[in-house]
$ cat final-v1.pdb   # PDB, C-alpha atoms, pLDDT in the B column
MODEL        1
ATOM      1  CA  LEU A  30     -34.167   2.664 -16.363  1.00 60.00           C
ATOM      2  CA  LEU A  31     -33.665   6.419 -16.177  1.00 65.00           C
ATOM      3  CA  MET A  32     -31.418   6.105 -13.097  1.00 68.00           C
ATOM      4  CA  SER A  33     -29.379   3.385 -14.788  1.00 58.00           C
ATOM      5  CA  ARG A  34     -28.861   5.410 -17.947  1.00 59.00           C
ATOM      6  CA  THR A  35     -28.016   8.556 -15.978  1.00 64.00           C
ATOM      7  CA  SER A  36     -25.416   6.597 -14.019  1.00 59.00           C
ATOM      8  CA  ARG A  37     -23.986   5.153 -17.241  1.00 54.00           C
ATOM      9  CA  LEU A  38     -23.771   8.637 -18.783  1.00 57.00           C
ATOM     10  CA  ASP A  39     -22.035   9.971 -15.656  1.00 59.00           C
ATOM     11  CA  LYS A  40     -19.464   7.147 -15.838  1.00 56.00           C
ATOM     12  CA  LEU A  41     -18.942   7.791 -19.551  1.00 53.00           C
ATOM     13  CA  LEU A  42     -18.301  11.500 -18.970  1.00 57.00           C
ATOM     14  CA  GLU A  43     -15.881  10.728 -16.135  1.00 65.00           C
ATOM     15  CA  ASP A  44     -13.991   8.255 -18.342  1.00 54.00           C
ATOM     16  CA  LEU A  45     -13.884  10.723 -21.243  1.00 54.00           C
ATOM     17  CA  LEU A  46     -12.386  13.385 -18.977  1.00 58.00           C
ATOM     18  CA  ASN A  47      -9.814  10.917 -17.649  1.00 58.00           C
ATOM     19  CA  TYR A  48      -8.911   9.871 -21.184  1.00 52.00           C
ATOM     20  CA  SER A  49      -8.462  13.475 -22.310  1.00 55.00           C
ATOM     21  CA  ARG A  50      -6.238  14.310 -19.300  1.00 55.00           C
ATOM     22  CA  ILE A  51      -3.698  11.545 -19.924  1.00 57.00           C
ATOM     23  CA  GLY A  52      -0.289  13.139 -20.289  1.00 56.00           C
ATOM     24  CA  ARG A  53      -1.200  16.371 -18.546  1.00 56.00           C
ATOM     25  CA  MET A  54      -1.054  15.097 -15.000  1.00 54.00           C
ATOM     26  CA  ILE A  55       1.712  12.531 -14.545  1.00 58.00           C
ATOM     27  CA  GLY A  56       2.010  12.660 -10.777  1.00 63.00           C
ATOM     28  CA  ASP A  57       5.030  12.311  -8.568  1.00 72.00           C
ATOM     29  CA  ILE A  58       7.326   9.320  -8.753  1.00 78.00           C
ATOM     30  CA  GLN A  59       7.085   7.390  -5.484  1.00 84.00           C
ATOM     31  CA  THR A  60       8.475   4.134  -4.128  1.00 90.00           C
ATOM     32  CA  ILE A  61       5.532   1.739  -3.976  1.00 90.00           C
ATOM     33  CA  ASP A  62       5.051  -1.837  -2.810  1.00 96.00           C
ATOM     34  CA  THR A  63       3.077  -3.107  -5.815  1.00 96.00           C
ATOM     35  CA  LYS A  64       1.579  -6.027  -3.861  1.00 96.00           C
ATOM     36  CA  GLU A  65       0.152  -3.652  -1.259  1.00 95.00           C
ATOM     37  CA  LEU A  66      -1.194  -1.313  -3.948  1.00 93.00           C
ATOM     38  CA  ILE A  67      -2.839  -4.224  -5.807  1.00 95.00           C
ATOM     39  CA  LEU A  68      -4.390  -5.596  -2.595  1.00 93.00           C
ATOM     40  CA  ASN A  69      -5.825  -2.142  -1.822  1.00 90.00           C
ATOM     41  CA  VAL A  70      -7.262  -1.853  -5.338  1.00 89.00           C
ATOM     42  CA  PHE A  71      -8.815  -5.327  -5.081  1.00 92.00           C
ATOM     43  CA  ASP A  72     -10.320  -4.538  -1.656  1.00 88.00           C
ATOM     44  CA  LEU A  73     -12.011  -1.433  -3.080  1.00 84.00           C
ATOM     45  CA  GLN A  74     -13.550  -3.325  -6.003  1.00 82.00           C
ATOM     46  CA  ASP A  75     -17.037  -4.761  -5.836  1.00 73.00           C
ATOM     47  CA  ALA A  76     -15.725  -8.331  -5.786  1.00 69.00           C
ATOM     48  CA  SER A  77     -18.144 -10.893  -4.475  1.00 70.00           C
ATOM     49  CA  ASP A  78     -17.000 -13.681  -2.204  1.00 78.00           C
ATOM     50  CA  HIS A  79     -16.550 -16.020  -5.175  1.00 85.00           C
ATOM     51  CA  ILE A  80     -13.578 -14.037  -6.600  1.00 90.00           C
ATOM     52  CA  SER A  81     -10.141 -14.511  -5.077  1.00 92.00           C
ATOM     53  CA  LEU A  82      -6.855 -12.745  -5.736  1.00 94.00           C
ATOM     54  CA  LEU A  83      -3.591 -14.682  -5.925  1.00 95.00           C
ATOM     55  CA  PHE A  84      -0.007 -13.582  -6.443  1.00 97.00           C
ATOM     56  CA  GLN A  85       2.392 -15.711  -8.416  1.00 96.00           C
ATOM     57  CA  GLY A  86       5.956 -15.026  -7.326  1.00 94.00           C
ATOM     58  CA  THR A  87       7.267 -11.945  -5.592  1.00 95.00           C
ATOM     59  CA  MET A  88       5.828  -8.537  -6.355  1.00 96.00           C
ATOM     60  CA  PRO A  89       8.376  -5.721  -6.651  1.00 96.00           C
ATOM     61  CA  VAL A  90       8.784  -2.537  -4.648  1.00 95.00           C
ATOM     62  CA  ILE A  91       9.435   0.043  -7.364  1.00 93.00           C
ATOM     63  CA  ASN A  92       9.577   3.738  -8.211  1.00 89.00           C
ATOM     64  CA  LEU A  93       6.582   4.749 -10.282  1.00 85.00           C
ATOM     65  CA  ALA A  94       3.937   7.337 -11.022  1.00 81.00           C
ATOM     66  CA  VAL A  95       1.230   5.975  -8.726  1.00 82.00           C
ATOM     67  CA  VAL A  96      -1.948   7.368 -10.305  1.00 81.00           C
ATOM     68  CA  PRO A  97      -1.513   5.979 -13.844  1.00 85.00           C
ATOM     69  CA  PHE A  98      -0.218   2.633 -12.579  1.00 89.00           C
ATOM     70  CA  GLU A  99      -3.121   2.308 -10.140  1.00 87.00           C
ATOM     71  CA  THR A 100      -5.585   3.234 -12.910  1.00 86.00           C
ATOM     72  CA  ILE A 101      -4.235   0.414 -15.075  1.00 91.00           C
ATOM     73  CA  ILE A 102      -4.423  -2.128 -12.233  1.00 94.00           C
ATOM     74  CA  ARG A 103      -7.914  -0.957 -11.209  1.00 90.00           C
ATOM     75  CA  ASN A 104      -9.266  -1.318 -14.754  1.00 89.00           C
ATOM     76  CA  LEU A 105      -7.709  -4.748 -15.339  1.00 93.00           C
ATOM     77  CA  ILE A 106      -8.877  -6.152 -11.990  1.00 93.00           C
ATOM     78  CA  GLY A 107     -12.298  -4.531 -12.446  1.00 89.00           C
ATOM     79  CA  ASN A 108     -12.698  -6.182 -15.846  1.00 86.00           C
ATOM     80  CA  ALA A 109     -11.560  -9.552 -14.486  1.00 90.00           C
ATOM     81  CA  ILE A 110     -14.207  -9.311 -11.747  1.00 90.00           C
ATOM     82  CA  LYS A 111     -16.972  -7.879 -13.927  1.00 84.00           C
ATOM     83  CA  HIS A 112     -16.664 -10.476 -16.679  1.00 79.00           C
ATOM     84  CA  ASN A 113     -15.975 -13.566 -14.568  1.00 84.00           C
ATOM     85  CA  ASN A 114     -18.840 -16.052 -14.695  1.00 80.00           C
ATOM     86  CA  GLU A 115     -17.152 -18.881 -12.779  1.00 82.00           C
ATOM     87  CA  PRO A 116     -18.481 -20.011  -9.366  1.00 83.00           C
ATOM     88  CA  ASN A 117     -14.907 -19.759  -8.036  1.00 89.00           C
ATOM     89  CA  GLY A 118     -13.310 -16.868  -9.874  1.00 90.00           C
ATOM     90  CA  VAL A 119      -9.558 -16.433  -9.585  1.00 93.00           C
ATOM     91  CA  ILE A 120      -7.412 -13.454 -10.556  1.00 95.00           C
ATOM     92  CA  THR A 121      -3.686 -14.156 -10.595  1.00 97.00           C
ATOM     93  CA  ILE A 122      -1.148 -11.334 -10.645  1.00 98.00           C
ATOM     94  CA  SER A 123       2.531 -11.774 -11.452  1.00 98.00           C
ATOM     95  CA  ALA A 124       5.511  -9.544 -12.180  1.00 97.00           C
ATOM     96  CA  GLN A 125       8.913  -9.971 -13.779  1.00 96.00           C
ATOM     97  CA  GLU A 126      11.812  -7.556 -13.912  1.00 94.00           C
ATOM     98  CA  SER A 127      13.962  -6.909 -16.952  1.00 92.00           C
ATOM     99  CA  GLN A 128      16.736  -4.416 -17.571  1.00 91.00           C
ATOM    100  CA  ARG A 129      14.493  -1.555 -18.749  1.00 91.00           C
ATOM    101  CA  HIS A 130      11.039  -2.351 -17.402  1.00 94.00           C
ATOM    102  CA  TYR A 131       8.764  -4.476 -15.260  1.00 96.00           C
ATOM    103  CA  GLN A 132       6.256  -6.821 -16.843  1.00 97.00           C
ATOM    104  CA  PHE A 133       2.973  -7.358 -14.994  1.00 97.00           C
ATOM    105  CA  SER A 134       0.334  -9.954 -15.842  1.00 97.00           C
ATOM    106  CA  VAL A 135      -3.294  -9.998 -14.728  1.00 96.00           C
ATOM    107  CA  LYS A 136      -4.836 -13.372 -15.486  1.00 96.00           C
ATOM    108  CA  ASP A 137      -8.354 -14.606 -14.792  1.00 93.00           C
ATOM    109  CA  ASN A 138     -10.282 -17.841 -15.195  1.00 93.00           C
ATOM    110  CA  GLY A 139     -13.356 -16.220 -16.749  1.00 88.00           C
ATOM    111  CA  PRO A 140     -14.886 -16.883 -20.162  1.00 85.00           C
ATOM    112  CA  GLY A 141     -12.039 -15.375 -22.162  1.00 81.00           C
ATOM    113  CA  ILE A 142     -12.022 -13.120 -25.209  1.00 76.00           C
ATOM    114  CA  SER A 143     -12.220 -14.497 -28.717  1.00 73.00           C
ATOM    115  CA  GLN A 144      -9.021 -13.888 -30.683  1.00 74.00           C
ATOM    116  CA  ARG A 145     -10.918 -11.977 -33.349  1.00 67.00           C
ATOM    117  CA  TYR A 146     -11.544  -9.198 -30.794  1.00 63.00           C
ATOM    118  CA  HIS A 147      -8.002  -8.901 -29.397  1.00 60.00           C
ATOM    119  CA  GLU A 148      -7.225  -5.697 -31.339  1.00 72.00           C
ATOM    120  CA  GLN A 149     -10.696  -4.153 -31.117  1.00 64.00           C
ATOM    121  CA  ILE A 150     -10.964  -4.275 -27.315  1.00 68.00           C
ATOM    122  CA  PHE A 151      -8.463  -1.412 -26.995  1.00 60.00           C
ATOM    123  CA  GLU A 152     -10.617   0.924 -29.126  1.00 62.00           C
ATOM    124  CA  LEU A 153     -12.717   3.675 -27.560  1.00 53.00           C
ATOM    125  CA  PHE A 154     -16.251   2.683 -26.527  1.00 46.00           C
ATOM    126  CA  LYS A 155     -15.708  -0.970 -27.459  1.00 52.00           C
ATOM    127  CA  THR A 156     -17.638  -3.506 -25.408  1.00 55.00           C
ATOM    128  CA  LEU A 157     -18.192  -7.115 -26.378  1.00 48.00           C
ATOM    129  CA  LYS A 158     -21.435  -7.524 -24.428  1.00 47.00           C
ATOM    130  CA  PRO A 159     -24.545  -5.339 -24.576  1.00 40.00           C
ATOM    131  CA  ARG A 160     -24.397  -2.442 -22.118  1.00 45.00           C
ATOM    132  CA  ASP A 161     -27.535  -3.752 -20.408  1.00 44.00           C
ATOM    133  CA  GLU A 162     -25.661  -6.968 -19.491  1.00 46.00           C
ATOM    134  CA  VAL A 163     -22.402  -5.460 -18.227  1.00 47.00           C
ATOM    135  CA  GLU A 164     -22.018  -1.998 -16.760  1.00 52.00           C
ATOM    136  CA  GLY A 165     -19.216   0.031 -18.293  1.00 50.00           C
ATOM    137  CA  SER A 166     -18.332   2.820 -20.683  1.00 48.00           C
ATOM    138  CA  GLY A 167     -16.203   0.752 -23.049  1.00 57.00           C
ATOM    139  CA  MET A 168     -13.235   3.005 -22.292  1.00 63.00           C
ATOM    140  CA  GLY A 169     -11.279   1.088 -19.642  1.00 74.00           C
ATOM    141  CA  LEU A 170      -8.897  -0.707 -21.991  1.00 81.00           C
ATOM    142  CA  SER A 171      -8.564   2.415 -24.161  1.00 82.00           C
ATOM    143  CA  ILE A 172      -7.491   4.379 -21.109  1.00 82.00           C
ATOM    144  CA  ILE A 173      -4.976   1.664 -20.212  1.00 86.00           C
ATOM    145  CA  LYS A 174      -3.565   1.640 -23.742  1.00 88.00           C
ATOM    146  CA  LYS A 175      -3.215   5.429 -23.847  1.00 84.00           C
ATOM    147  CA  LEU A 176      -1.569   5.535 -20.404  1.00 85.00           C
ATOM    148  CA  LEU A 177       0.909   2.842 -21.401  1.00 88.00           C
ATOM    149  CA  ASP A 178       1.649   4.546 -24.726  1.00 86.00           C
ATOM    150  CA  TYR A 179       2.360   7.776 -22.859  1.00 83.00           C
ATOM    151  CA  HIS A 180       4.676   6.007 -20.392  1.00 84.00           C
ATOM    152  CA  LYS A 181       6.401   4.065 -23.191  1.00 89.00           C
ATOM    153  CA  GLY A 182       4.897   0.773 -22.067  1.00 91.00           C
ATOM    154  CA  SER A 183       2.833  -1.788 -23.937  1.00 91.00           C
ATOM    155  CA  ILE A 184      -0.034  -4.204 -23.368  1.00 92.00           C
ATOM    156  CA  THR A 185      -0.980  -7.536 -24.903  1.00 91.00           C
ATOM    157  CA  VAL A 186      -3.857  -9.932 -24.412  1.00 88.00           C
ATOM    158  CA  GLU A 187      -3.813 -13.713 -24.524  1.00 91.00           C
ATOM    159  CA  SER A 188      -6.994 -15.761 -24.608  1.00 89.00           C
ATOM    160  CA  ASP A 189      -8.469 -18.598 -26.600  1.00 86.00           C
ATOM    161  CA  GLY A 190     -11.962 -17.212 -26.035  1.00 78.00           C
ATOM    162  CA  GLU A 191     -12.973 -19.958 -23.613  1.00 84.00           C
ATOM    163  CA  ASN A 192     -10.448 -20.413 -20.813  1.00 87.00           C
ATOM    164  CA  GLY A 193      -9.772 -17.066 -19.200  1.00 90.00           C
ATOM    165  CA  THR A 194      -7.788 -14.028 -20.251  1.00 91.00           C
ATOM    166  CA  CYS A 195      -4.296 -12.778 -19.475  1.00 95.00           C
ATOM    167  CA  PHE A 196      -3.382  -9.121 -19.946  1.00 93.00           C
ATOM    168  CA  THR A 197       0.349  -8.448 -19.808  1.00 96.00           C
ATOM    169  CA  PHE A 198       1.733  -4.933 -19.685  1.00 96.00           C
ATOM    170  CA  THR A 199       5.165  -3.392 -19.370  1.00 95.00           C
ATOM    171  CA  TRP A 200       5.952  -0.490 -17.065  1.00 92.00           C
ATOM    172  CA  PRO A 201       9.228   1.474 -17.402  1.00 90.00           C
ATOM    173  CA  LYS A 202      11.830   1.634 -14.666  1.00 87.00           C
ATOM    174  CA  TYR A 203      12.407   5.042 -13.112  1.00 74.00           C
ATOM    175  CA  ASP A 204      15.576   5.881 -11.214  1.00 63.00           C
TER     176      ASP A 204
ENDMDL
END
$ encode --input "final-v1.pdb" --output "C-alpha cells"
Amino acid sequence: LLMSRTSRLDKLLEDLLNYSRIGRMIGDIQTIDTKELILNVFDLQDASDHISLLFQGTMPVINLAVVPFETIIRNLIGNAIKHNNEPNGVITISAQESQRHYQFSVKDNGPGISQRYHEQIFELFKTLKPRDEVEGSGMGLSIIKKLLDYHKGSITVESDGENGTCFTFTWPKYD
C-alpha cells in the first residue's frame, strides 16, 4: 500500500510539473510522420494483447512541435488502454486536413463516458473511478486541454456512456 501510494504521489508531482511548464518549452518544429509517431507511442504503452490499434484513412506527414503533440497522443491512447474493459479492445485513430489545422480522432470501444461528465473530465485531478481501481493522477486530460489551448487547438469528447469514447482534437498547421 505504501509503495502504491508513493508511486501515485510521484506520478502526481511529475504531472503537476508538466502542467506548470506548458508554454515555457514549446520545442522545435519538425516534419513528422504522425502514423509512425502514434505507432511508437502505442508500442511504449502497457497495452495487453487484447488491445489493438487501427488507422482509419491516411495519416499525415506534418510540421509540428513534437513534444506537446506526442504528450497529447500518449495521454489519449493511455486512457483508451487503461479504461478499456472489452476482451478485444480497439483504438482507432484518424486524421483530416482542413485549411488551417489538422483534426485527429482517437476512438475506443471501451465503456464510454457518461455525457454528464463531458465537461468535468478536463478539470484538474478529475477521475471518474476511484484511484484504487485505476492508476492515474487525474491530470492527463487537463494537460491535453492546456496544451491545446496554448497551441490554439481544441478538444471535444463524444460518448453515450456505454459504447466507447471518441476524443477529437485540432492541431494548427505550421509552415
$ residues_near_point --input "final-v1.pdb" --point "(3.7, 7.6, -7.7)" --cutoff "6 Å" --atoms "all atoms listed in the file" --output "list of chain:residue names"
A:Asp57, A:Ile58, A:Gln59, A:Leu93, A:Ala94, A:Val95
$ resolve_selection --input "final-v1.pdb" --expression "the PyMOL selection byres ((chain A and resi 122-127) around 9)" --output "list of chain:residue names"
A:Ile67, A:Leu82, A:Leu83, A:Phe84, A:Gln85, A:Gly86, A:Thr87, A:Met88, A:Pro89, A:Ile120, A:Thr121, A:Gln128, A:Arg129, A:His130, A:Tyr131, A:Gln132, A:Phe133, A:Ser134, A:Val135, A:Lys136, A:Asp137
$ residues_near_point --input "final-v1.pdb" --point "(-13.1, -7.7, -12.1)" --cutoff "9 Å" --atoms "only C-alpha atoms" --output "PyMOL selection string"
chain A and resi 71+74-76+80+103-113+120+137
$ resolve_selection --input "final-v1.pdb" --expression "the PyMOL selection byres ((chain A and resi 181-184) around 9)" --output "list in words"
His130, Ile173, Lys174, Leu176, Leu177, Asp178, Tyr179, His180, Thr185, Val186, Phe196, Thr197, Phe198, Thr199, Trp200 and Pro201 of chain A
$ write_last_selection --input "final-v1.pdb" --atoms "C-alpha atoms" --output "CSV table (one decimal), in the coordinates of the input"
chain,number,residue,atom,x,y,z
A,130,HIS,CA,11.0,-2.4,-17.4
A,173,ILE,CA,-5.0,1.7,-20.2
A,174,LYS,CA,-3.6,1.6,-23.7
A,176,LEU,CA,-1.6,5.5,-20.4
A,177,LEU,CA,0.9,2.8,-21.4
A,178,ASP,CA,1.6,4.5,-24.7
A,179,TYR,CA,2.4,7.8,-22.9
A,180,HIS,CA,4.7,6.0,-20.4
A,185,THR,CA,-1.0,-7.5,-24.9
A,186,VAL,CA,-3.9,-9.9,-24.4
A,196,PHE,CA,-3.4,-9.1,-19.9
A,197,THR,CA,0.3,-8.4,-19.8
A,198,PHE,CA,1.7,-4.9,-19.7
A,199,THR,CA,5.2,-3.4,-19.4
A,200,TRP,CA,6.0,-0.5,-17.1
A,201,PRO,CA,9.2,1.5,-17.4
$ atom_distance --input "final-v1.pdb" --atom1 "CA of Gly169 in chain A" --atom2 "CA of Ile101 in chain A"
8.4 Å
$ residues_around --input "final-v1.pdb" --residues "Thr60 in chain A" --least-positions-apart "4" --cutoff "8 Å" --atoms "all atoms listed in the file" --output "list in words"
Val90, Ile91, Asn92 and Leu93 of chain A
$ closest_residue --input "final-v1.pdb" --among "A:Ser77, A:Gln144, A:Asn138, A:Thr100" --to "Glu187 in chain A" --atoms "all atoms listed in the file"
A:Gln144
$ atom_distance --input "final-v1.pdb" --atom1 "CA of Cys195 in chain A" --atom2 "CA of Ile172 in chain A"
17.5 Å
$ closest_residue --input "final-v1.pdb" --among "A:Ser81, A:Ser171, A:Asn114, A:Asn192" --to "Ser143 in chain A" --atoms "all atoms listed in the file"
A:Asn192
$ atom_distance --input "final-v1.pdb" --atom1 "CA of Lys175 in chain A" --atom2 "CA of Tyr203 in chain A"
19.0 Å
$ closest_residue --input "final-v1.pdb" --among "A:Ile102, A:Glu115, A:Leu73, A:Pro97" --to "Pro140 in chain A" --atoms "all atoms listed in the file"
A:Glu115
$ axis_aligned_box --input "final-v1.pdb" --around "range 199-202 of chain A" --padding-each-side "6 Å" --output "lines of an AutoDock Vina configuration file"
center_x = 8.5
center_y = -0.9
center_z = -17.0
size_x = 18.7
size_y = 17.0
size_z = 16.7
$ build_atoms --input "final-v1.pdb" --residues "range 183-194 of chain A" --atoms "all heavy atoms" --output "compact mmCIF listing (two decimals), in the coordinates of the input"
# COMPACT_ATOMS: atom_id res chain seq x y z
N SER A 183 3.67 -1.09 -22.96
CA SER A 183 2.83 -1.79 -23.94
C SER A 183 1.91 -2.75 -23.21
O SER A 183 2.10 -3.05 -22.03
CB SER A 183 3.71 -2.56 -24.92
OG SER A 183 4.44 -3.57 -24.23
N ILE A 184 0.89 -3.23 -23.94
CA ILE A 184 -0.03 -4.20 -23.37
C ILE A 184 -0.40 -5.22 -24.44
O ILE A 184 -0.54 -4.87 -25.62
CB ILE A 184 -1.29 -3.54 -22.78
CG1 ILE A 184 -2.16 -4.57 -22.05
CG2 ILE A 184 -2.08 -2.78 -23.84
CD1 ILE A 184 -3.21 -3.98 -21.13
N THR A 185 -0.52 -6.46 -24.01
CA THR A 185 -0.98 -7.54 -24.90
C THR A 185 -2.06 -8.33 -24.19
O THR A 185 -2.18 -8.28 -22.96
CB THR A 185 0.17 -8.49 -25.29
OG1 THR A 185 0.72 -9.07 -24.10
CG2 THR A 185 1.26 -7.77 -26.07
N VAL A 186 -2.82 -9.07 -24.97
CA VAL A 186 -3.86 -9.93 -24.41
C VAL A 186 -3.67 -11.34 -24.97
O VAL A 186 -3.34 -11.50 -26.15
CB VAL A 186 -5.28 -9.38 -24.71
CG1 VAL A 186 -5.53 -9.27 -26.20
CG2 VAL A 186 -6.35 -10.24 -24.05
N GLU A 187 -3.84 -12.31 -24.12
CA GLU A 187 -3.81 -13.71 -24.52
C GLU A 187 -5.09 -14.37 -24.04
O GLU A 187 -5.44 -14.27 -22.87
CB GLU A 187 -2.62 -14.45 -23.91
CG GLU A 187 -1.28 -14.01 -24.43
CD GLU A 187 -0.14 -14.76 -23.76
OE1 GLU A 187 -0.30 -15.96 -23.48
OE2 GLU A 187 0.88 -14.11 -23.49
N SER A 188 -5.79 -15.03 -24.96
CA SER A 188 -6.99 -15.76 -24.61
C SER A 188 -7.43 -16.58 -25.80
O SER A 188 -7.31 -16.14 -26.94
CB SER A 188 -8.12 -14.79 -24.22
OG SER A 188 -9.29 -15.51 -23.91
N ASP A 189 -7.93 -17.77 -25.52
CA ASP A 189 -8.47 -18.60 -26.60
C ASP A 189 -9.98 -18.40 -26.76
O ASP A 189 -10.62 -19.04 -27.57
CB ASP A 189 -8.14 -20.08 -26.36
CG ASP A 189 -8.79 -20.63 -25.10
OD1 ASP A 189 -9.56 -19.90 -24.42
OD2 ASP A 189 -8.51 -21.80 -24.76
N GLY A 190 -10.54 -17.51 -25.95
CA GLY A 190 -11.96 -17.21 -26.04
C GLY A 190 -12.82 -18.13 -25.19
O GLY A 190 -14.05 -18.01 -25.20
N GLU A 191 -12.20 -19.02 -24.43
CA GLU A 191 -12.97 -19.96 -23.61
C GLU A 191 -12.41 -20.16 -22.22
O GLU A 191 -13.15 -20.48 -21.29
CB GLU A 191 -13.04 -21.32 -24.31
CG GLU A 191 -13.78 -21.29 -25.63
CD GLU A 191 -13.76 -22.64 -26.32
OE1 GLU A 191 -13.36 -23.64 -25.70
OE2 GLU A 191 -14.14 -22.69 -27.49
N ASN A 192 -11.10 -20.03 -22.07
CA ASN A 192 -10.45 -20.41 -20.81
C ASN A 192 -9.70 -19.26 -20.15
O ASN A 192 -8.52 -19.35 -19.89
CB ASN A 192 -9.48 -21.57 -21.07
CG ASN A 192 -10.19 -22.78 -21.64
OD1 ASN A 192 -11.07 -23.33 -21.00
ND2 ASN A 192 -9.82 -23.16 -22.84
N GLY A 193 -10.39 -18.18 -19.89
CA GLY A 193 -9.77 -17.07 -19.20
C GLY A 193 -9.00 -16.13 -20.12
O GLY A 193 -8.88 -16.37 -21.32
N THR A 194 -8.51 -15.07 -19.53
CA THR A 194 -7.79 -14.03 -20.25
C THR A 194 -6.57 -13.62 -19.43
O THR A 194 -6.64 -13.56 -18.21
CB THR A 194 -8.70 -12.80 -20.47
OG1 THR A 194 -9.87 -13.22 -21.17
CG2 THR A 194 -8.00 -11.71 -21.25
